[in-house]
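Pasting upload.cif here (mmCIF, C-alpha atoms):
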```cif
data_structure
loop_
_atom_site.label_atom_id
_atom_site.label_comp_id
_atom_site.auth_asym_id
_atom_site.auth_seq_id
_atom_site.Cartn_x
_atom_site.Cartn_y
_atom_site.Cartn_z
CA MET A 18 -31.43 -120.79 61.94
CA SER A 19 -29.77 -119.70 65.19
CA ARG A 20 -27.83 -122.96 65.35
CA GLN A 21 -26.56 -122.52 61.81
CA ARG A 22 -25.51 -119.03 62.91
CA ASN A 23 -23.53 -120.64 65.73
CA VAL A 24 -21.62 -122.76 63.24
CA SER A 25 -20.82 -119.72 61.09
CA LEU A 26 -19.70 -117.66 64.09
CA LEU A 27 -17.49 -120.46 65.40
CA TYR A 28 -15.91 -120.76 61.96
CA ALA A 29 -15.13 -117.02 62.06
CA ILE A 30 -13.79 -117.24 65.63
CA ALA A 31 -11.56 -120.17 64.66
CA LEU A 32 -10.26 -118.17 61.69
CA LEU A 33 -9.40 -115.16 63.85
CA GLN A 34 -7.85 -117.23 66.65
CA GLY A 35 -5.81 -119.03 64.02
CA MET A 36 -4.18 -115.71 63.10
CA VAL A 37 -1.16 -116.10 65.36
CA PHE A 38 1.20 -113.78 63.53
CA TYR A 39 4.19 -114.84 65.62
CA GLY A 40 3.52 -118.50 64.80
CA PRO A 41 6.48 -118.94 62.44
CA ILE A 42 8.87 -117.73 65.17
CA ALA A 43 7.00 -118.62 68.40
CA THR A 44 9.96 -120.49 69.85
CA LEU A 45 12.51 -117.96 68.59
CA TYR A 46 10.33 -115.17 70.05
CA ARG A 47 10.74 -116.76 73.50
CA GLN A 48 14.40 -117.60 72.99
CA ALA A 49 15.10 -113.97 72.02
CA ALA A 50 13.75 -113.06 75.47
CA GLY A 51 16.12 -115.53 77.15
CA VAL A 52 13.81 -118.55 77.49
CA SER A 53 15.34 -122.00 76.78
CA LEU A 54 13.70 -125.06 75.19
CA GLY A 55 13.65 -126.80 78.55
CA GLN A 56 11.90 -123.82 80.13
CA ILE A 57 9.39 -123.82 77.28
CA ALA A 58 8.57 -127.47 77.99
CA LEU A 59 8.33 -126.68 81.72
CA MET A 60 5.92 -123.80 81.06
CA GLU A 61 3.83 -126.04 78.81
CA SER A 62 3.65 -128.67 81.56
CA VAL A 63 2.65 -126.09 84.18
CA SER A 64 -0.11 -124.92 81.84
CA LEU A 65 -1.34 -128.49 81.39
CA VAL A 66 -1.29 -129.20 85.14
CA LEU A 67 -3.37 -126.09 85.78
CA ALA A 68 -5.78 -127.13 83.02
CA VAL A 69 -6.22 -130.51 84.72
CA LEU A 70 -6.90 -128.91 88.10
CA LEU A 71 -9.47 -126.53 86.63
CA GLU A 72 -11.29 -128.99 84.36
CA LEU A 73 -13.90 -129.93 86.96
CA PRO A 74 -14.65 -126.36 88.16
CA TRP A 75 -14.87 -125.12 84.58
CA GLY A 76 -17.03 -128.05 83.48
CA ILE A 77 -19.46 -127.36 86.32
CA LEU A 78 -19.41 -123.63 85.58
CA ALA A 79 -20.09 -124.23 81.89
CA GLU A 80 -23.22 -126.23 82.74
CA ARG A 81 -24.39 -123.41 85.06
CA LEU A 82 -23.49 -120.39 82.94
CA GLY A 83 -24.38 -121.98 79.65
CA TYR A 84 -22.02 -122.77 76.80
CA LYS A 85 -22.40 -119.36 75.13
CA TRP A 86 -21.26 -117.32 78.11
CA THR A 87 -18.48 -119.78 78.94
CA MET A 88 -17.21 -119.43 75.38
CA ALA A 89 -17.42 -115.64 75.58
CA LEU A 90 -15.63 -115.48 78.93
CA CYS A 91 -12.84 -117.75 77.76
CA SER A 92 -12.45 -115.85 74.49
CA GLY A 93 -11.93 -112.68 76.53
CA LEU A 94 -9.29 -114.38 78.67
CA PHE A 95 -7.68 -115.78 75.51
CA PHE A 96 -7.33 -112.22 74.22
CA PHE A 97 -5.69 -111.22 77.51
CA THR A 98 -3.09 -114.02 77.21
CA LYS A 99 -2.02 -112.58 73.86
CA VAL A 100 -1.59 -109.14 75.42
CA ILE A 101 0.71 -110.67 78.04
CA PHE A 102 2.68 -112.61 75.40
CA TRP A 103 3.11 -109.43 73.35
CA ARG A 104 4.56 -107.52 76.31
CA ALA A 105 6.52 -110.37 78.00
CA THR A 106 10.27 -109.79 78.36
CA GLY A 107 11.48 -112.90 80.18
CA PHE A 108 10.63 -116.28 81.70
CA GLY A 109 8.21 -114.80 84.26
CA GLY A 110 6.07 -113.03 81.68
CA PHE A 111 5.86 -116.04 79.37
CA LEU A 112 5.13 -118.30 82.35
CA LEU A 113 2.22 -116.05 83.34
CA GLU A 114 0.91 -116.27 79.78
CA ARG A 115 1.01 -120.09 79.88
CA ILE A 116 -0.64 -120.14 83.32
CA LEU A 117 -3.56 -118.08 82.03
CA LEU A 118 -3.62 -120.18 78.89
CA GLY A 119 -4.10 -123.24 81.13
CA VAL A 120 -7.14 -121.49 82.62
CA VAL A 121 -8.47 -120.80 79.12
CA ALA A 122 -7.78 -124.34 77.89
CA ALA A 123 -9.74 -125.81 80.79
CA GLY A 124 -12.61 -123.41 80.17
CA LEU A 125 -12.81 -124.01 76.43
CA SER A 126 -12.36 -127.76 76.83
CA GLY A 127 -15.32 -129.29 75.06
CA VAL A 128 -17.33 -126.06 74.99
CA ASP A 129 -16.59 -125.03 71.39
CA THR A 130 -16.93 -128.56 70.02
CA GLY A 131 -19.98 -129.07 72.24
CA ILE A 132 -21.66 -126.02 70.69
CA LEU A 133 -20.78 -127.27 67.21
CA TYR A 134 -22.00 -130.80 67.92
CA LEU A 135 -25.32 -129.55 69.29
CA SER A 136 -25.72 -127.04 66.43
CA CYS A 137 -25.57 -129.53 63.55
CA PRO A 138 -27.08 -132.87 62.50
CA GLU A 139 -25.09 -135.70 64.11
CA GLU A 140 -24.33 -137.31 60.76
CA LYS A 141 -22.58 -134.10 59.65
CA ALA A 142 -20.52 -133.61 62.82
CA HIS A 143 -17.30 -135.18 61.48
CA GLN A 144 -17.42 -133.01 58.36
CA ILE A 145 -18.19 -129.84 60.34
CA PHE A 146 -15.35 -130.53 62.81
CA GLY A 147 -13.03 -130.86 59.81
CA ILE A 148 -14.12 -127.48 58.42
CA TYR A 149 -13.82 -125.93 61.89
CA ASN A 150 -10.22 -127.11 62.21
CA ASN A 151 -9.50 -125.88 58.70
CA MET A 152 -10.67 -122.39 59.58
CA THR A 153 -7.92 -122.26 62.20
CA ILE A 154 -5.44 -123.42 59.56
CA LEU A 155 -6.65 -120.75 57.13
CA GLY A 156 -6.12 -118.16 59.85
CA LEU A 157 -2.59 -119.42 60.38
CA LEU A 158 -1.99 -119.27 56.64
CA VAL A 159 -3.12 -115.65 56.45
CA ALA A 160 -0.96 -114.74 59.45
CA THR A 161 2.03 -116.57 57.98
CA GLY A 162 1.69 -114.68 54.71
CA VAL A 163 1.57 -111.37 56.56
CA TYR A 164 4.58 -112.39 58.65
CA THR A 165 6.64 -113.41 55.62
CA VAL A 166 5.84 -110.30 53.56
CA LEU A 167 5.58 -107.54 56.18
CA ILE A 168 6.88 -108.56 59.61
CA GLY A 169 10.14 -110.46 59.21
CA GLU A 170 12.22 -110.12 62.38
CA ASN A 171 9.97 -107.53 64.02
CA TYR A 172 8.74 -110.00 66.63
CA ARG A 173 6.82 -107.47 68.72
CA LEU A 174 4.76 -106.34 65.74
CA ALA A 175 3.77 -109.98 65.22
CA GLY A 176 2.66 -110.10 68.86
CA PHE A 177 0.60 -106.91 68.54
CA LEU A 178 -1.24 -108.06 65.40
CA THR A 179 -2.15 -111.29 67.19
CA VAL A 180 -3.66 -109.22 70.02
CA VAL A 181 -5.88 -107.40 67.48
CA SER A 182 -7.08 -110.66 65.93
CA TYR A 183 -7.97 -112.22 69.28
CA ALA A 184 -9.82 -109.07 70.33
CA ALA A 185 -12.05 -109.42 67.26
CA ALA A 186 -12.68 -113.11 68.08
CA ALA A 187 -13.71 -112.19 71.63
CA VAL A 188 -16.24 -109.70 70.29
CA LEU A 189 -17.72 -112.26 67.88
CA SER A 190 -18.17 -114.81 70.68
CA LEU A 191 -20.81 -112.51 72.20
CA GLY A 192 -23.06 -113.23 69.21
CA LEU A 193 -23.38 -116.97 69.85
CA GLU A 194 -26.78 -118.43 70.67
CA GLU A 195 -27.18 -120.77 73.65
CA VAL A 196 -27.55 -124.47 72.72
CA ARG A 197 -28.19 -125.75 76.21
CA HIS A 198 -30.02 -123.82 78.89
CA PRO A 199 -27.94 -123.20 82.04
CA ALA A 200 -28.62 -125.82 84.74
CA ARG A 201 -28.92 -123.36 87.63
CA HIS A 202 -31.77 -125.31 89.15
CA ARG A 203 -29.40 -128.14 90.00
CA GLY A 204 -27.22 -126.06 92.25
CA TRP A 205 -23.52 -125.34 92.14
CA VAL A 206 -22.27 -128.48 93.90
CA ALA A 207 -22.13 -131.02 91.07
CA LEU A 208 -19.69 -133.61 92.43
CA PRO A 209 -22.29 -136.40 92.22
CA GLU A 210 -22.86 -135.64 88.52
CA PHE A 211 -19.12 -135.44 87.93
CA GLY A 212 -18.60 -138.73 89.76
CA LYS A 213 -21.28 -140.39 87.66
CA THR A 214 -19.73 -139.06 84.45
CA LEU A 215 -16.27 -140.20 85.58
CA ARG A 216 -17.56 -143.70 86.34
CA GLU A 217 -19.27 -143.88 82.95
CA THR A 218 -16.03 -142.84 81.24
CA LEU A 219 -13.86 -145.25 83.21
CA GLY A 220 -16.31 -148.02 82.36
CA GLN A 221 -15.67 -147.64 78.64
CA GLY A 222 -12.48 -149.59 77.99
CA ARG A 223 -12.32 -148.72 74.31
CA LEU A 224 -12.66 -145.02 75.11
CA LEU A 225 -9.86 -145.19 77.70
CA LEU A 226 -7.51 -146.81 75.18
CA PHE A 227 -8.49 -144.14 72.68
CA LEU A 228 -7.83 -141.27 75.10
CA ALA A 229 -4.43 -142.70 76.09
CA GLY A 230 -3.37 -142.99 72.45
CA ALA A 231 -4.75 -139.54 71.68
CA ALA A 232 -2.75 -138.05 74.56
CA LEU A 233 0.56 -139.47 73.32
CA PHE A 234 -0.12 -138.39 69.74
CA GLY A 235 -1.21 -134.89 70.79
CA ALA A 236 1.77 -134.32 73.11
CA VAL A 237 4.27 -135.11 70.37
CA GLN A 238 2.40 -132.98 67.82
CA GLN A 239 2.44 -129.93 70.07
CA MET A 240 6.17 -130.15 70.80
CA VAL A 241 7.30 -131.07 67.28
CA THR A 242 5.24 -128.72 65.12
CA VAL A 243 4.96 -125.77 67.53
CA PHE A 244 8.21 -125.72 69.50
CA TYR A 245 10.88 -127.95 67.94
CA SER A 246 10.37 -127.22 64.25
CA GLN A 247 12.00 -123.79 64.48
CA PRO A 248 15.20 -124.95 66.26
CA GLN A 249 15.32 -127.76 63.68
CA TYR A 250 15.15 -125.22 60.86
CA GLN A 251 17.80 -123.14 62.61
CA ARG A 252 20.26 -126.03 62.72
CA THR A 253 19.78 -126.51 58.97
CA GLY A 254 20.91 -122.90 58.45
CA MET A 255 17.50 -121.62 57.33
CA SER A 256 16.93 -117.84 57.29
CA ALA A 257 14.04 -116.04 59.01
CA ALA A 258 12.30 -115.56 55.65
CA GLY A 259 12.83 -119.24 54.91
CA MET A 260 11.19 -120.16 58.21
CA GLY A 261 8.17 -118.09 57.26
CA ILE A 262 7.86 -120.00 53.99
CA ALA A 263 8.38 -123.30 55.82
CA TYR A 264 5.66 -122.39 58.30
CA ALA A 265 3.32 -121.49 55.45
CA PHE A 266 3.97 -124.85 53.82
CA MET A 267 3.27 -126.65 57.10
CA THR A 268 0.10 -124.59 57.54
CA ILE A 269 -1.15 -125.48 54.06
CA SER A 270 -0.60 -129.16 54.82
CA GLY A 271 -2.90 -128.75 57.80
CA LEU A 272 -5.79 -128.08 55.40
CA LEU A 273 -5.84 -131.82 54.81
CA GLY A 274 -8.01 -131.94 57.92
CA GLY A 275 -10.96 -131.06 55.68
CA PHE A 276 -10.64 -134.53 54.11
CA SER A 277 -10.78 -136.35 57.45
CA ALA A 278 -14.36 -137.60 57.05
CA ARG A 279 -13.69 -138.74 53.48
CA LEU A 280 -10.53 -140.62 54.49
CA THR A 281 -12.32 -142.35 57.35
CA GLU A 282 -15.22 -143.35 55.10
CA ARG A 283 -12.81 -144.79 52.54
CA ILE A 284 -10.43 -146.85 54.70
CA GLY A 285 -12.41 -147.23 57.94
CA ARG A 286 -12.07 -145.70 61.37
CA ARG A 287 -9.57 -148.20 62.79
CA ARG A 288 -7.22 -148.03 59.81
CA THR A 289 -7.31 -144.26 60.00
CA LEU A 290 -6.42 -144.36 63.71
CA ILE A 291 -3.43 -146.59 62.89
CA LEU A 292 -2.23 -144.86 59.71
CA LEU A 293 -2.00 -141.26 60.96
CA PRO A 294 0.25 -141.77 64.03
CA MET A 295 2.37 -144.18 61.96
CA VAL A 296 2.96 -141.45 59.37
CA SER A 297 3.80 -139.01 62.18
CA ALA A 298 6.32 -141.44 63.68
CA LEU A 299 8.02 -141.62 60.28
CA ALA A 300 8.20 -137.82 60.19
CA CYS A 301 9.87 -137.79 63.63
CA PHE A 302 12.46 -140.35 62.47
CA ILE A 303 13.28 -138.16 59.46
CA LEU A 304 13.69 -135.08 61.69
CA ALA A 305 15.97 -136.99 64.05
CA LEU A 306 18.27 -138.09 61.24
CA THR A 307 18.44 -135.09 58.91
CA LYS A 308 19.92 -131.60 58.89
CA ASN A 309 18.57 -130.91 55.42
CA GLY A 310 16.21 -127.94 55.29
CA LEU A 311 13.87 -129.29 52.61
CA LEU A 312 13.54 -132.70 54.26
CA SER A 313 12.87 -131.01 57.60
CA VAL A 314 10.08 -128.87 56.14
CA LEU A 315 8.53 -131.90 54.43
CA ALA A 316 8.69 -133.98 57.62
CA VAL A 317 7.12 -131.28 59.82
CA SER A 318 4.42 -130.68 57.19
CA LEU A 319 3.77 -134.42 56.96
CA PHE A 320 3.27 -134.56 60.73
CA ARG A 321 0.95 -131.54 60.76
CA GLY A 322 -1.11 -132.91 57.87
CA ALA A 323 -1.51 -136.30 59.53
CA PHE A 324 -2.50 -134.79 62.87
CA ASN A 325 -5.03 -132.44 61.31
CA LEU A 326 -6.62 -135.37 59.50
CA TYR A 327 -6.91 -137.05 62.89
CA GLN A 328 -8.33 -134.15 64.96
CA PRO A 329 -11.89 -134.10 63.54
CA LEU A 330 -12.10 -137.86 64.05
CA GLN A 331 -10.99 -137.46 67.67
CA ALA A 332 -13.65 -134.81 68.33
CA THR A 333 -16.32 -137.01 66.71
CA ILE A 334 -15.37 -140.13 68.69
CA GLN A 335 -15.28 -138.24 71.99
CA ASN A 336 -18.67 -136.62 71.45
CA GLN A 337 -20.27 -139.87 70.29
CA ALA A 338 -19.02 -141.64 73.42
CA ILE A 339 -20.79 -139.24 75.79
CA ARG A 340 -23.80 -140.69 77.59
CA SER A 341 -24.37 -137.82 80.02
CA GLU A 342 -26.49 -134.75 79.33
CA ASP A 343 -23.66 -132.65 80.80
CA ARG A 344 -21.55 -132.67 77.65
CA ALA A 345 -19.05 -130.04 78.85
CA THR A 346 -18.48 -131.95 82.10
CA ALA A 347 -17.97 -135.22 80.22
CA LEU A 348 -15.48 -133.63 77.85
CA SER A 349 -13.72 -132.14 80.88
CA VAL A 350 -13.33 -135.66 82.27
CA HIS A 351 -11.82 -136.69 78.95
CA ALA A 352 -9.44 -133.72 79.10
CA VAL A 353 -8.28 -134.64 82.62
CA LEU A 354 -7.42 -138.15 81.44
CA LEU A 355 -5.72 -136.81 78.32
CA ASP A 356 -3.61 -134.28 80.22
CA GLY A 357 -2.63 -136.85 82.83
CA ILE A 358 -0.60 -138.56 80.09
CA THR A 359 0.33 -135.48 78.07
CA ILE A 360 2.09 -133.75 80.99
CA PRO A 361 4.80 -136.36 81.66
CA ALA A 362 5.26 -136.94 77.93
CA THR A 363 5.86 -133.21 77.43
CA LEU A 364 8.32 -133.08 80.32
CA PHE A 365 10.32 -136.02 78.97
CA LEU A 366 10.45 -134.47 75.51
CA GLY A 367 11.56 -131.14 76.97
CA ARG A 368 14.26 -132.73 79.10
CA LEU A 369 15.70 -134.61 76.12
CA SER A 370 15.61 -131.56 73.85
CA GLU A 371 17.94 -129.66 76.19
CA GLY A 372 20.69 -132.17 75.46
CA SER A 373 19.78 -133.35 71.98
CA LEU A 374 17.03 -132.30 69.61
CA SER A 375 17.51 -135.52 67.66
CA ALA A 376 16.91 -137.59 70.81
CA ALA A 377 13.69 -135.68 71.43
CA PHE A 378 12.51 -136.47 67.89
CA LEU A 379 13.34 -140.17 68.40
CA LEU A 380 11.32 -140.21 71.62
CA GLY A 381 8.52 -138.48 69.72
CA ALA A 382 8.59 -141.28 67.13
CA ALA A 383 8.37 -143.90 69.89
CA LEU A 384 5.45 -142.11 71.54
CA CYS A 385 3.62 -141.87 68.21
CA LEU A 386 4.05 -145.61 67.72
CA GLY A 387 2.78 -146.18 71.25
CA GLY A 388 -0.21 -143.99 70.46
CA MET A 389 -0.77 -145.95 67.26
CA GLY A 390 -0.93 -149.21 69.23
CA LEU A 391 -3.42 -147.79 71.72
CA LEU A 392 -5.62 -146.18 69.07
CA GLY A 393 -5.57 -149.36 67.03
CA GLY A 394 -6.53 -151.32 70.13
CA ALA A 395 -9.41 -148.93 70.74
CA GLY A 396 -10.68 -149.61 67.23
CA ARG A 397 -10.30 -153.37 67.52
CA GLU A 398 -13.12 -153.74 70.04
CA LYS A 399 -15.51 -152.28 67.54
CA SER A 400 -16.38 -153.75 64.19
CA SER A 401 -14.58 -152.09 61.32
CA GLU A 402 -16.40 -149.30 59.65
#
```

Here is the file; what I need is its structure written in the form of structure tokens.
Amino acid sequence: MSRQRNVSLLYAIALLQGMVFYGPIATLYRQAAGVSLGQIALMESVSLVLAVLLELPWGILAERLGYKWTMALCSGLFFFTKVIFWRATGFGGFLLERILLGVVAAGLSGVDTGILYLSCPEEKAHQIFGIYNNMTILGLLVATGVYTVLIGENYRLAGFLTVVSYAAAAVLSLGLEEVRHPARHRGWVALPEFGKTLRETLGQGRLLLFLAGAALFGAVQQMVTVFYSQPQYQRTGMSAAGMGIAYAFMTISGLLGGFSARLTERIGRRRTLILLPMVSALACFILALTKNGLLSVLAVSLFRGAFNLYQPLQATIQNQAIRSEDRATALSVHAVLLDGITIPATLFLGRLSEGSLSAAFLLGAALCLGGMGLLGGAGREKSSE
């Protein structure tokens, strides 16, 4: 019963943390404070670097504190990042927010999905990960509706409402039940365990190919749907209200993630891993070549839908590949490998976007195709499902 309660609480937390009321204008919010696209990419890279550096300490701490208290601590810090974002007035403030977000990302890495995975029957994990991702999308949809109807160009109000939502999520995290007892008896120096987990991960060739492909796909998704979509809409002449509607449409497309398990069962895991980045590459090509508002919205929504179909499958594959009892540490190792590729990809995309948004979209298409090749290669070593 307590584990089912964990699933319900995590669904609620995902819903609340999905309510980013400034989502439709996140890039414009920063640009209005004098932050450029290149600086946004730089801040994102700094955040990722910090997340890489803190993965091991956080993974060790999660095993010692327990997953519940790690989740609660990180949810509190997550709330604090939103307070900083709300009050930021320039590059320094937004950089501080991304730095703290890197701390949070490292702390949450694998902890939320670890709690979910250990709180449900293994055969239902893929389906539950899909619902979990959809709760975030539902939160975004609610926030987008509020933005479109009530907020408009009042950016600071959007920031404040996000603070309220994240405060509620932090409170709910305190109600989680522990799924793995803290390993205090093993001491705080866990480098041998980390080394063993790292060796086990590096010894799985199919997993390494998968993580490399996932990193490329994830880097492009973050930059295209979160940061570049709004400048793309701007260059089509779209109004602020139109951007809110476009963001809502993109958010709705993300609900496709709930069909991830069904899609994988129907066409097989390997075909799914090939199809979704291929569709995303097509979306990037469309964005590079068009200045039409409707086509831009459809392309961004296509990318978001494909990526959200892929995310539950990624979480399932990563958790199934873990051989160590220290699940949070193993997922931290995965995150280090993922971020090691994501960081340079993000920097390259940011550098190109300063000169040409179309060139950045073309690079995004190439990276998606590269990810498709790697993910397909990862599936080839295993018999088709």

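The nearest approach to Thr307 (chain A) among the residues A:Val188, A:Met60, A:Leu374, A:Ile154, with all atoms listed in the file taken into account, belongs to A:Leu374.
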
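Using all atoms listed in the file, the shortest contact distance between Thr218 (chain A) and any of A:Phe102, A:Val69, A:Gly51, A:His351 is found at A:His351.
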
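CA of Ala382 (chain A) lies 19.9 Å from CA of Arg287 (chain A).
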
Show which residues sit within 6 Å of Gly119 (chain A), as a list in words. Count all atoms listed in the file, and ignore same-chain residues fewer than 4 positions away. Ser64, Leu65, Leu67 and Ala68 of chain A

Hey, which bits of region 24-59 of chain A sit within 8 Å of region 260-281 of chain A, and for each residue what's the closest pair of atoms and how far apart in Å (one decimal), counting only C-alpha atoms, rows by chain and increasing number, as JSON lines?
```
{"residue": "A:Gly40", "atom": "CA", "partner": "A:Tyr264", "partner_atom": "CA", "distance": 7.9}
{"residue": "A:Pro41", "atom": "CA", "partner": "A:Tyr264", "partner_atom": "CA", "distance": 5.5}
{"residue": "A:Ile42", "atom": "CA", "partner": "A:Met260", "partner_atom": "CA", "distance": 7.7}
```

With the file shown as input, list the residues that the PyMOL selection byres ((chain A and resi 376) around 12) selects, as a ChimeraX atom specification. /A:245,301-306,365-375,377-383

Mind giving me the axis-aligned box for region 384-391 of chain A with 5 Å on every side, centre plus edges in Å to one decimal, as lines of an AutoDock Vina configuration file?
```
center_x = 1.0
center_y = -145.5
center_z = 69.5
size_x = 18.9
size_y = 17.3
size_z = 14.5
```

Name all residues at most 8 Å from Phe227 (chain A) (count all atoms listed in the file; drop same-chain ones fewer than 2 positions away) and give them as an MDAnalysis selection string. chainID A and resid 223:225 229:231 391:392 394:395

Under the PyMOL selection byres ((chain A and resi 166-181) around 10), which residues of this model are included? Write them out as a VMD selection string. chain A and resid 33 to 43 45 to 47 49 95 to 105 160 to 165 182 to 186 257 to 258 260 to 262

Can I get the selected residues back with C-alpha atoms, as a short mmCIF file (atom, residue, chain, number, x, y, z; two decimals), keeping the file's coordinate frame?
```cif
data_model
loop_
_atom_site.label_atom_id
_atom_site.label_comp_id
_atom_site.auth_asym_id
_atom_site.auth_seq_id
_atom_site.Cartn_x
_atom_site.Cartn_y
_atom_site.Cartn_z
CA LEU A 33 -9.40 -115.16 63.85
CA GLN A 34 -7.85 -117.23 66.65
CA GLY A 35 -5.81 -119.03 64.02
CA MET A 36 -4.18 -115.71 63.10
CA VAL A 37 -1.16 -116.10 65.36
CA PHE A 38 1.20 -113.78 63.53
CA TYR A 39 4.19 -114.84 65.62
CA GLY A 40 3.52 -118.50 64.80
CA PRO A 41 6.48 -118.94 62.44
CA ILE A 42 8.87 -117.73 65.17
CA ALA A 43 7.00 -118.62 68.40
CA LEU A 45 12.51 -117.96 68.59
CA TYR A 46 10.33 -115.17 70.05
CA ARG A 47 10.74 -116.76 73.50
CA ALA A 49 15.10 -113.97 72.02
CA PHE A 95 -7.68 -115.78 75.51
CA PHE A 96 -7.33 -112.22 74.22
CA PHE A 97 -5.69 -111.22 77.51
CA THR A 98 -3.09 -114.02 77.21
CA LYS A 99 -2.02 -112.58 73.86
CA VAL A 100 -1.59 -109.14 75.42
CA ILE A 101 0.71 -110.67 78.04
CA PHE A 102 2.68 -112.61 75.40
CA TRP A 103 3.11 -109.43 73.35
CA ARG A 104 4.56 -107.52 76.31
CA ALA A 105 6.52 -110.37 78.00
CA ALA A 160 -0.96 -114.74 59.45
CA THR A 161 2.03 -116.57 57.98
CA GLY A 162 1.69 -114.68 54.71
CA VAL A 163 1.57 -111.37 56.56
CA TYR A 164 4.58 -112.39 58.65
CA THR A 165 6.64 -113.41 55.62
CA SER A 182 -7.08 -110.66 65.93
CA TYR A 183 -7.97 -112.22 69.28
CA ALA A 184 -9.82 -109.07 70.33
CA ALA A 185 -12.05 -109.42 67.26
CA ALA A 186 -12.68 -113.11 68.08
CA ALA A 257 14.04 -116.04 59.01
CA ALA A 258 12.30 -115.56 55.65
CA MET A 260 11.19 -120.16 58.21
CA GLY A 261 8.17 -118.09 57.26
CA ILE A 262 7.86 -120.00 53.99
#
```

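Of the listed residues A:Val120, A:Pro294, A:Leu112, A:Ala338, the one whose atoms come nearest to Gly222 (chain A) is A:Ala338, with distances taken using all atoms listed in the file.
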
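A straight line drawn from CA of Ala323 (chain A) to CA of Ile339 (chain A) is 25.4 Å long.
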
Per residue of region 317-367 of chain A within 8 Å of region 128-142 of chain A, note the shortest atom pair and the distance in Å to one decimal, counting all atoms listed in the file, and order the rows by chain and increasing residue number, as a tab-separated table.
```
residue	atom	partner	partner_atom	distance
A:Ala332	CA	A:Thr130	CA	7.3
A:Thr333	CA	A:Ala142	CA	6.7
A:Asn336	CA	A:Tyr134	CA	7.6
A:Arg344	CA	A:Gly131	CA	6.7
A:Ala345	CA	A:Val128	CA	5.8
```
